[in-house]
$ cat final-v1.csv   # CSV, C-alpha atoms
chain,number,residue,atom,x,y,z
A,1,MET,CA,5.2,4.5,-20.6
A,2,SER,CA,6.5,1.5,-18.6
A,3,LEU,CA,5.0,0.3,-15.4
A,4,LEU,CA,7.9,1.5,-13.3
A,5,ASP,CA,7.8,5.0,-15.0
A,6,GLN,CA,4.1,5.2,-14.2
A,7,LEU,CA,4.5,4.1,-10.7
A,8,SER,CA,7.4,6.6,-10.2
A,9,ALA,CA,5.1,9.4,-11.3
A,10,LEU,CA,2.7,8.3,-8.5
A,11,GLY,CA,5.4,8.7,-5.9
A,12,VAL,CA,6.6,5.1,-5.8
A,13,ASN,CA,10.3,4.8,-5.1
A,14,THR,CA,11.1,2.5,-8.0
A,15,ALA,CA,14.9,3.0,-7.7
A,16,GLU,CA,14.7,1.7,-4.1
A,17,GLY,CA,12.4,-1.2,-5.3
A,18,LEU,CA,14.8,-2.2,-8.0
A,19,ASN,CA,17.6,-2.2,-5.4
A,20,ARG,CA,15.6,-4.5,-3.2
A,21,PHE,CA,15.2,-6.9,-6.1
A,22,ALA,CA,18.9,-6.8,-7.1
A,23,GLN,CA,18.1,-4.6,-10.2
A,24,LYS,CA,15.9,-7.4,-11.6
A,25,ALA,CA,13.1,-5.3,-13.1
A,26,ALA,CA,11.2,-8.4,-14.2
A,27,LEU,CA,11.2,-9.8,-10.7
A,28,PHE,CA,10.2,-6.5,-9.2
A,29,GLU,CA,7.3,-6.1,-11.6
A,30,LYS,CA,6.2,-9.7,-10.9
A,31,MET,CA,6.0,-8.9,-7.2
A,32,LEU,CA,4.3,-5.6,-7.8
A,33,LYS,CA,1.6,-7.4,-9.8
A,34,LYS,CA,0.7,-9.4,-6.7
A,35,PHE,CA,-0.2,-6.3,-4.8
A,36,PRO,CA,-3.7,-5.6,-6.2
A,37,ALA,CA,-5.1,-9.0,-5.2
A,38,ALA,CA,-3.3,-8.8,-1.8
A,39,ALA,CA,-4.7,-5.3,-1.1
A,40,ALA,CA,-8.2,-6.6,-2.0
A,41,ASP,CA,-7.8,-9.4,0.5
A,42,LEU,CA,-6.7,-6.9,3.2
A,43,PRO,CA,-9.4,-4.2,3.4
A,44,VAL,CA,-9.0,-1.6,6.2
A,45,LEU,CA,-11.9,0.9,5.8
A,46,PRO,CA,-14.7,-1.7,5.9
A,47,LEU,CA,-13.2,-3.0,9.2
A,48,PHE,CA,-13.4,0.6,10.6
A,49,GLU,CA,-17.0,0.8,9.4
A,50,ALA,CA,-17.8,-2.5,11.2
A,51,GLY,CA,-16.1,-1.3,14.4
A,52,ASN,CA,-13.4,-4.0,14.1
A,53,LEU,CA,-10.4,-2.0,15.1
A,54,GLU,CA,-8.2,-5.1,15.8
A,55,GLY,CA,-8.9,-6.3,12.3
A,56,ALA,CA,-8.2,-2.9,10.8
A,57,LEU,CA,-4.9,-2.8,12.7
A,58,ALA,CA,-3.9,-6.3,11.6
A,59,ASN,CA,-4.7,-5.5,7.9
A,60,ALA,CA,-3.0,-2.1,8.1
A,61,HIS,CA,0.1,-3.6,9.6
A,62,THR,CA,0.3,-6.3,6.9
A,63,LEU,CA,-0.2,-3.6,4.2
A,64,LYS,CA,2.5,-1.5,5.9
A,65,GLY,CA,5.0,-4.4,5.5
A,66,MET,CA,3.9,-5.2,2.0
A,67,THR,CA,4.0,-1.6,0.7
A,68,GLY,CA,7.4,-1.1,2.4
A,69,ASN,CA,8.9,-4.2,0.7
A,70,LEU,CA,7.6,-3.0,-2.6
A,71,SER,CA,8.8,0.6,-2.1
A,72,LEU,CA,5.2,1.9,-2.5
A,73,THR,CA,6.4,4.8,-0.5
A,74,PRO,CA,3.3,7.0,-0.1
A,75,LEU,CA,1.3,4.0,0.9
A,76,TYR,CA,4.0,2.7,3.2
A,77,GLU,CA,4.2,6.0,5.0
A,78,ALA,CA,0.4,6.3,5.3
A,79,TYR,CA,0.0,2.7,6.7
A,80,THR,CA,2.9,3.3,9.1
A,81,GLU,CA,1.0,6.3,10.5
A,82,ILE,CA,-2.3,4.4,10.5
A,83,VAL,CA,-0.8,1.6,12.5
A,84,ALA,CA,0.7,4.1,14.9
A,85,LEU,CA,-2.6,6.0,15.3
A,86,LEU,CA,-4.5,2.8,16.0
A,87,ARG,CA,-1.9,1.7,18.6
A,88,ALA,CA,-2.2,5.1,20.2
A,89,ASP,CA,-6.0,4.6,20.4
A,90,GLN,CA,-6.8,7.3,17.9
A,91,PRO,CA,-9.2,5.4,15.5
A,92,ASP,CA,-10.9,8.5,14.1
A,93,GLN,CA,-7.6,9.9,12.9
A,94,ALA,CA,-6.5,6.5,11.6
A,95,ARG,CA,-9.8,6.2,9.7
A,96,ALA,CA,-9.5,9.7,8.2
A,97,LEU,CA,-6.0,8.9,7.0
A,98,THR,CA,-7.2,5.6,5.5
A,99,GLU,CA,-9.9,7.4,3.6
A,100,LYS,CA,-7.3,10.0,2.4
A,101,ILE,CA,-4.8,7.4,1.1
A,102,LEU,CA,-7.3,5.1,-0.6
A,103,PRO,CA,-7.7,7.1,-3.8
A,104,LEU,CA,-3.9,7.0,-4.3
A,105,GLN,CA,-3.9,3.3,-3.5
A,106,GLU,CA,-6.6,2.7,-6.1
A,107,GLN,CA,-4.5,4.7,-8.7
A,108,ILE,CA,-1.5,2.5,-7.9
A,109,ILE,CA,-3.6,-0.6,-8.2
A,110,ALA,CA,-5.1,0.5,-11.5
A,111,CYS,CA,-1.6,1.3,-12.8
A,112,ILE,CA,-0.3,-2.1,-11.9
A,113,ALA,CA,-3.5,-3.8,-13.2
A,114,SER,CA,-3.1,-2.0,-16.6
A,115,HIS,CA,0.2,-3.9,-17.0
A,116,GLN,CA,-1.1,-7.4,-16.2
$ encode --input "final-v1.csv" --output "structure tokens"
Amino acid sequence: MSLLDQLSALGVNTAEGLNRFAQKAALFEKMLKKFPAAAADLPVLPLFEAGNLEGALANAHTLKGMTGNLSLTPLYEAYTEIVALLRADQPDQARALTEKILPLQEQIIACIASHQ
């Protein structure tokens, strides 16, 4: 199964992603393959654990933009809500949503990594 097929099965809107990249699947896949390293550089949960809510907000906001641009729809929707919750001073709910979405994020990362 191709990378895009596997990602689609995980809820990624690959058709939208292909449109963003002018139907150039190779370019889309190249950009997707940058996501695992970027996500590793932008942890959110450890910042919650350290009490660094500003850092958690900054990283969640960056991941929101990145996942949106790559059409990683379930992650984009979650990070959009996490950012909104943090801005509304609801860190406990934001942390709970972060914990909830991380397993899917790890699945998406593993899927992408398996095609490196």
$ closest_residue --input "final-v1.csv" --among "A:Pro103, A:Gly68, A:Gly11, A:Pro91" --to "A:Glu54" --atoms "only C-alpha atoms"
A:Pro91
$ atom_distance --input "final-v1.csv" --atom1 "atom CA of A:Leu3" --atom2 "atom CA of A:Cys111"
7.2 Å
$ atom_distance --input "final-v1.csv" --atom1 "atom CA of A:Thr73" --atom2 "atom CA of A:Asp92"
22.9 Å
$ closest_residue --input "final-v1.csv" --among "A:Thr80, A:Asn13, A:Gln23, A:Ser2" --to "A:Leu63" --atoms "only C-alpha atoms"
A:Thr80
$ residues_around --input "final-v1.csv" --residues "stretch 28-36 of chain A" --least-positions-apart "6" --cutoff "10 Å" --atoms "all atoms listed in the file" --output "MDAnalysis selection string"
chainID A and resid 3:4 14 17:22 42 63 66:67 69:72 105:106 108:116
$ residues_near_point --input "final-v1.csv" --point "(-10.4, 6.5, 10.9)" --cutoff "10 Å" --atoms "all atoms listed in the file" --output "number ranges by chain"
A: 44-45, 48-49, 53, 56, 82, 85-86, 90-100
$ atom_distance --input "final-v1.csv" --atom1 "atom CA of A:Ala37" --atom2 "atom CA of A:Ala15"
23.5 Å
$ residues_near_point --input "final-v1.csv" --point "(-0.6, -3.3, 11.4)" --cutoff "10 Å" --atoms "all atoms listed in the file" --output "MDAnalysis selection string"
chainID A and resid 54:65 79:84 86:87
$ closest_residue --input "final-v1.csv" --among "A:Glu77, A:Asn52, A:Asp41, A:Leu104" --to "A:Ala9" --atoms "only C-alpha atoms"
A:Leu104
$ closest_residue --input "final-v1.csv" --among "A:Leu47, A:Ala88, A:Ala25, A:Val12" --to "A:Leu75" --atoms "all atoms listed in the file"
A:Val12
